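J.: Before we start, here is the structure in question, set down as structure tokens.
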Amino acid sequence: MFLFEMLDNSILNVALPTIGRELHASTITLQWVTGAYGVVFGGLMLVFGAIADRFGRRRIMLIGLVLLGVASLATAFVTTAEQLIAVRAVMGVAAAMTTPGSMALAFRLFEEESLRVRAITIISTVGLVGLAIGPTVGGFVLAVAPWQVLLLVNVPIAVLAMTGVRVGVAADEAADLHRDPVDVLGAVLGTATIALALVAPTLFVNEGTGSWAPWTAAAAAVVGAISFFLRQRSVRHPLLDPKLLARPLVAGGLAYKAAAGLATAGLGYLVTLQLQLDWGWTPALAAIGMLPQVVVLLAAGPFINPLVERVGIGRAAWLGAAAVVFGLAIYSLLSRFGYVWVAIALVLVAAGMRVAGVVAAVNVLGGLPKDRTSIGAALTDTATEVTSGVGIAVTGTILAALFTGNIATANWSSQQSAEFQEAVTIAGLVLTVMAATLVGWANLRTRSVADGRANTPVADLIGKQPAA
């Protein structure tokens with residue numbers, strides 16, 4: 001199921017030019033073909049995570065799979081870009097219903113820490129495989145079939161996944177769920193806040209800092225976040241209890257995930273621009289230039305569990321996050337001196353993200369009660385989604401402020417190249433400082449667990465954390 005979710009967007013990106021021609025869609029409309037999925041998916045994960053913890057993770061996953069199959073089947077009847085955007089939004093709802101449950105169920109199947117690390121590693125590896133092979137698979141399909149096939153293929157996948165869940169996953173035990181009423185107002189505030197936080201970076205990049213729209217969206221997201229927090233503190237049955245977020249493993253794990261998301265998105269955005277626009281590489285050559293990152297992301301999985309067993313889960317998280325920060329710093333300061341420094345940065349950030357991402361997820365899920373596992377899984381994904389948007393917004397805003405002219409034009413002048421390099425250095429260092437701050441805070445926070453024993457296995461820490 002997670003493979004579908006990661007494959008879905010990457011495979012469709014290849015078809016965007018074809019979709020644009022056949023449905024007569026503008027550039028902005030095409031952006032929403034993929035953007036609608038991401039915004040709805042990110043915005044609703046917390047809500048459906050909370051619902052799954054109340055009514056059953058298996059049940060919510062099955063409903064989501066049915067919705068996925070119906071929405072995918074509707075692709076066959078799409079005749080306008082607006083209809084396709086609506087279909088993609090419904091598919092985002094289905095993904096929000098299934099994603100938190102996938103990780104939560106995999107985590108709760110095991111009690112041993114090493115097995116949990118292995119399970120989360122497998123899930124993340126499967127997702128990365130989907131991201132990596134999506135463009136290639138999409139290209140082959142488009143060579144022999146219409147673009148609708150890329151989404152219609154989700155129908156048999158949904159049926160297969162439903163069969164697997166019904167046969168292979170036992171129904172949730174009552175003791176692992178809770179029956180607190182759903183905080184509807186909190187759900188609305190939380191969804192609106194996350195959706196605005198995901199839309200704002202795109203508006204900053206597309207419309208620039210001189211437009212009122214991105215600033216309005218960003219301000220509304222801040223107001224929504226404050227309102228959501230105050231609501232959760234005051235309501236009797238909060239959607240997301242702030243006391244749970246204050247637990248050391250949970251808070252530290254989310255900070256590690258946020259640092260990785262911030263650095264990875266910012267680096268990917270800057271490297272893509274540098275290779276193609278500053279250095280003049282073709283898209284194919286630029287794709288080859290990104291291969292070190294892809295190879296490490298896919299190949300690092302088998303090494304995560306041995307590393308955790310060797311150094312401990314606390315130190316593994318810190319080492320992974322430190323590698324992310326160090327790699328981003330290398331890119332910021334040395335990328336102008338040649339591709340070798342770009343490749344080193346890509347490798348360090350990819351390796352660090354793989355380790356920190358898995359360990360952080362294990363920390364968050366292990367630090368929460370069993371009846372809050374789904375919302376914990378949703379939190380880890382939401383932290384990555386939101387901070388990835390922040391990373392792109394920061395880099396895009398700094399580029400817009402320092403670069404004169406249209407950045408998308410070819411044949412830059414020497415002045416524009418110098419401005420771009422200055423923007424890369426400043427944006428990269430800003431992101432480095434932000435990520436390093438998150439990593440440092442997370443390290444201090446997790447050291448407070450179990451009398452400061454940062455390397456104590458998660459299995460020994462569950463239930464021993466202070467409430468705040």
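Chain labels run A, B, ... following the order of the structure tokens; each chain numbers its residues from 1, and ligands are numbered from 1 in the order shown.
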Residues within 10 Å of Ala300 in chain A, please, as a PDB file with C-alpha atoms, in the first residue's frame. Count only C-alpha atoms; anything in the same chain fewer than 5 positions from it doesn't count.

T.:
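Output file result-v6.pdb follows:
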```pdb
ATOM      1  CA  THR A 121      12.993   0.327   7.406  1.00  0.00           C
ATOM      2  CA  THR A 125      12.520   1.414   1.493  1.00  0.00           C
ATOM      3  CA  VAL A 295      21.490   4.858  -4.816  1.00  0.00           C
ATOM      4  CA  ALA A 350      20.585  10.748   1.860  1.00  0.00           C
ATOM      5  CA  ALA A 351      22.397   8.411   4.275  1.00  0.00           C
ATOM      6  CA  GLY A 352      21.580  10.575   7.265  1.00  0.00           C
ATOM      7  CA  ARG A 354      17.534   7.150   5.948  1.00  0.00           C
ATOM      8  CA  VAL A 355      18.881   6.504   9.439  1.00  0.00           C
TER       9      VAL A 355
END
```

J.: Where does range 9-111 of chain A meet range 181-190 of chain A within 9 Å, residue by residue, with the nearest atom pair and distance in Å to one decimal for each, counting only C-alpha atoms, listed by chain and rising number, as JSON lines?

T.:
```
{"residue": "A:Gly43", "atom": "CA", "partner": "A:Gly190", "partner_atom": "CA", "distance": 7.6}
{"residue": "A:Leu44", "atom": "CA", "partner": "A:Gly190", "partner_atom": "CA", "distance": 8.4}
{"residue": "A:Leu46", "atom": "CA", "partner": "A:Gly190", "partner_atom": "CA", "distance": 7.7}
{"residue": "A:Val47", "atom": "CA", "partner": "A:Ala187", "partner_atom": "CA", "distance": 5.9}
{"residue": "A:Ala50", "atom": "CA", "partner": "A:Val182", "partner_atom": "CA", "distance": 7.9}
{"residue": "A:Ile51", "atom": "CA", "partner": "A:Val182", "partner_atom": "CA", "distance": 7.4}
{"residue": "A:Arg54", "atom": "CA", "partner": "A:Val182", "partner_atom": "CA", "distance": 8.5}
```

J.: If we count only C-alpha atoms, what is near Ala321 in chain A at a cut-off of 6 Å, once residues fewer than 3 positions away on the same chain are taken out, given as a VMD selection string?

T.: chain A and resid 318 324 352 356

J.: For the residues in that selection, give me N, CA and C atoms as a compact mmCIF listing (two decimals), in the first residue's frame.

T.:
```txt
# COMPACT_ATOMS: atom_id res chain seq x y z
N TRP A 318 21.00 10.54 16.40
CA TRP A 318 21.85 11.74 16.41
C TRP A 318 22.84 11.71 15.26
N VAL A 324 22.96 14.67 8.04
CA VAL A 324 22.10 15.53 7.21
C VAL A 324 22.58 16.98 7.29
N GLY A 352 22.07 10.09 5.97
CA GLY A 352 21.58 10.57 7.26
C GLY A 352 20.08 10.55 7.37
N ALA A 356 18.05 8.63 10.28
CA ALA A 356 17.28 9.48 11.18
C ALA A 356 15.79 9.29 10.98
```

J.: Using only C-alpha atoms, which residue out of A:Leu368, A:Gly92, A:Glu419, A:His24 lies closest to Leu245 in chain A?

T.: A:Leu368

J.: Do you have the CA of Ile11 in chain A-CA of Arg166 in chain A distance handy?

T.: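 The value is 27.5 Å.
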
J.: Find, counting only C-alpha atoms, the residue in A:Val144, A:Ala400, A:Leu198, A:Val117 that gets nearest to Thr382 in chain A.

T.: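 The closest residue to Thr382 in chain A is A:Leu198.
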
J.: With a distance cut-off of 10 Å and only C-alpha atoms, select the neighbouring residues of Glu385 in chain A, excluding the residue or stretch itself and same-chain residues fewer than 3 positions from it, and output the selection as an mmCIF file with N, CA and C atoms, in the first residue's frame.

T.:
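Listing of around_20.cif after writing:
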```cif
data_model
loop_
_atom_site.group_PDB
_atom_site.id
_atom_site.type_symbol
_atom_site.label_atom_id
_atom_site.label_comp_id
_atom_site.auth_asym_id
_atom_site.auth_seq_id
_atom_site.Cartn_x
_atom_site.Cartn_y
_atom_site.Cartn_z
ATOM 1 N N GLY A 38 -1.312 16.210 -2.782
ATOM 2 C CA GLY A 38 -0.409 16.436 -1.659
ATOM 3 C C GLY A 38 -1.034 17.254 -0.542
ATOM 4 N N VAL A 39 -1.776 18.299 -0.911
ATOM 5 C CA VAL A 39 -2.384 19.161 0.104
ATOM 6 C C VAL A 39 -3.460 18.409 0.887
ATOM 7 N N PHE A 41 -3.814 15.105 1.132
ATOM 8 C CA PHE A 41 -3.140 14.021 1.833
ATOM 9 C C PHE A 41 -2.497 14.519 3.125
ATOM 10 N N GLY A 42 -1.695 15.579 3.016
ATOM 11 C CA GLY A 42 -1.025 16.120 4.192
ATOM 12 C C GLY A 42 -1.982 16.720 5.199
ATOM 13 N N GLY A 43 -3.014 17.386 4.699
ATOM 14 C CA GLY A 43 -3.941 18.060 5.597
ATOM 15 C C GLY A 43 -4.803 17.125 6.413
ATOM 16 N N ILE A 194 -2.568 22.789 8.369
ATOM 17 C CA ILE A 194 -1.600 22.016 7.590
ATOM 18 C C ILE A 194 -1.761 22.301 6.096
ATOM 19 N N ALA A 197 -0.232 25.576 5.356
ATOM 20 C CA ALA A 197 1.217 25.479 5.451
ATOM 21 C C ALA A 197 1.811 24.797 4.226
ATOM 22 N N LEU A 198 1.059 23.905 3.591
ATOM 23 C CA LEU A 198 1.529 23.233 2.385
ATOM 24 C C LEU A 198 1.332 24.085 1.130
ATOM 25 N N LYS A 257 12.735 14.256 12.423
ATOM 26 C CA LYS A 257 12.026 14.150 11.144
ATOM 27 C C LYS A 257 11.913 15.512 10.466
ATOM 28 N N ALA A 258 11.644 16.540 11.260
ATOM 29 C CA ALA A 258 11.517 17.888 10.704
ATOM 30 C C ALA A 258 12.844 18.359 10.115
ATOM 31 N N GLY A 261 13.417 16.525 6.799
ATOM 32 C CA GLY A 261 12.539 17.028 5.755
ATOM 33 C C GLY A 261 12.968 18.392 5.248
ATOM 34 N N LEU A 262 13.344 19.263 6.171
ATOM 35 C CA LEU A 262 13.792 20.612 5.828
ATOM 36 C C LEU A 262 15.023 20.563 4.931
ATOM 37 N N ALA A 265 14.440 18.596 1.279
ATOM 38 C CA ALA A 265 13.677 19.365 0.290
ATOM 39 C C ALA A 265 14.483 20.560 -0.218
ATOM 40 N N LEU A 379 1.696 11.967 12.552
ATOM 41 C CA LEU A 379 2.546 13.088 12.971
ATOM 42 C C LEU A 379 3.899 13.057 12.276
ATOM 43 N N THR A 380 4.502 11.866 12.183
ATOM 44 C CA THR A 380 5.820 11.788 11.553
ATOM 45 C C THR A 380 5.755 12.188 10.081
ATOM 46 N N ASP A 381 4.723 11.732 9.378
ATOM 47 C CA ASP A 381 4.572 12.110 7.971
ATOM 48 C C ASP A 381 4.248 13.595 7.820
ATOM 49 N N THR A 382 3.400 14.106 8.707
ATOM 50 C CA THR A 382 3.030 15.520 8.633
ATOM 51 C C THR A 382 4.230 16.415 8.896
ATOM 52 N N SER A 388 9.237 20.104 4.668
ATOM 53 C CA SER A 388 9.697 20.095 3.274
ATOM 54 C C SER A 388 9.190 21.339 2.552
ATOM 55 N N GLY A 389 7.932 21.675 2.799
ATOM 56 C CA GLY A 389 7.388 22.902 2.224
ATOM 57 C C GLY A 389 8.107 24.138 2.724
ATOM 58 N N VAL A 390 8.431 24.151 4.009
ATOM 59 C CA VAL A 390 9.170 25.291 4.578
ATOM 60 C C VAL A 390 10.545 25.408 3.923
#
```

J.: Which of range 141-341 of chain A end up as helix (DSSP H, G or I) when DSSP is run on this backbone - answer as number ranges by chain?

T.: A: 141-144, 149-152, 154-168, 174-176, 184-207, 212-234, 242-245, 248-278, 283-289, 291-299, 301-311, 313-337, 339-341
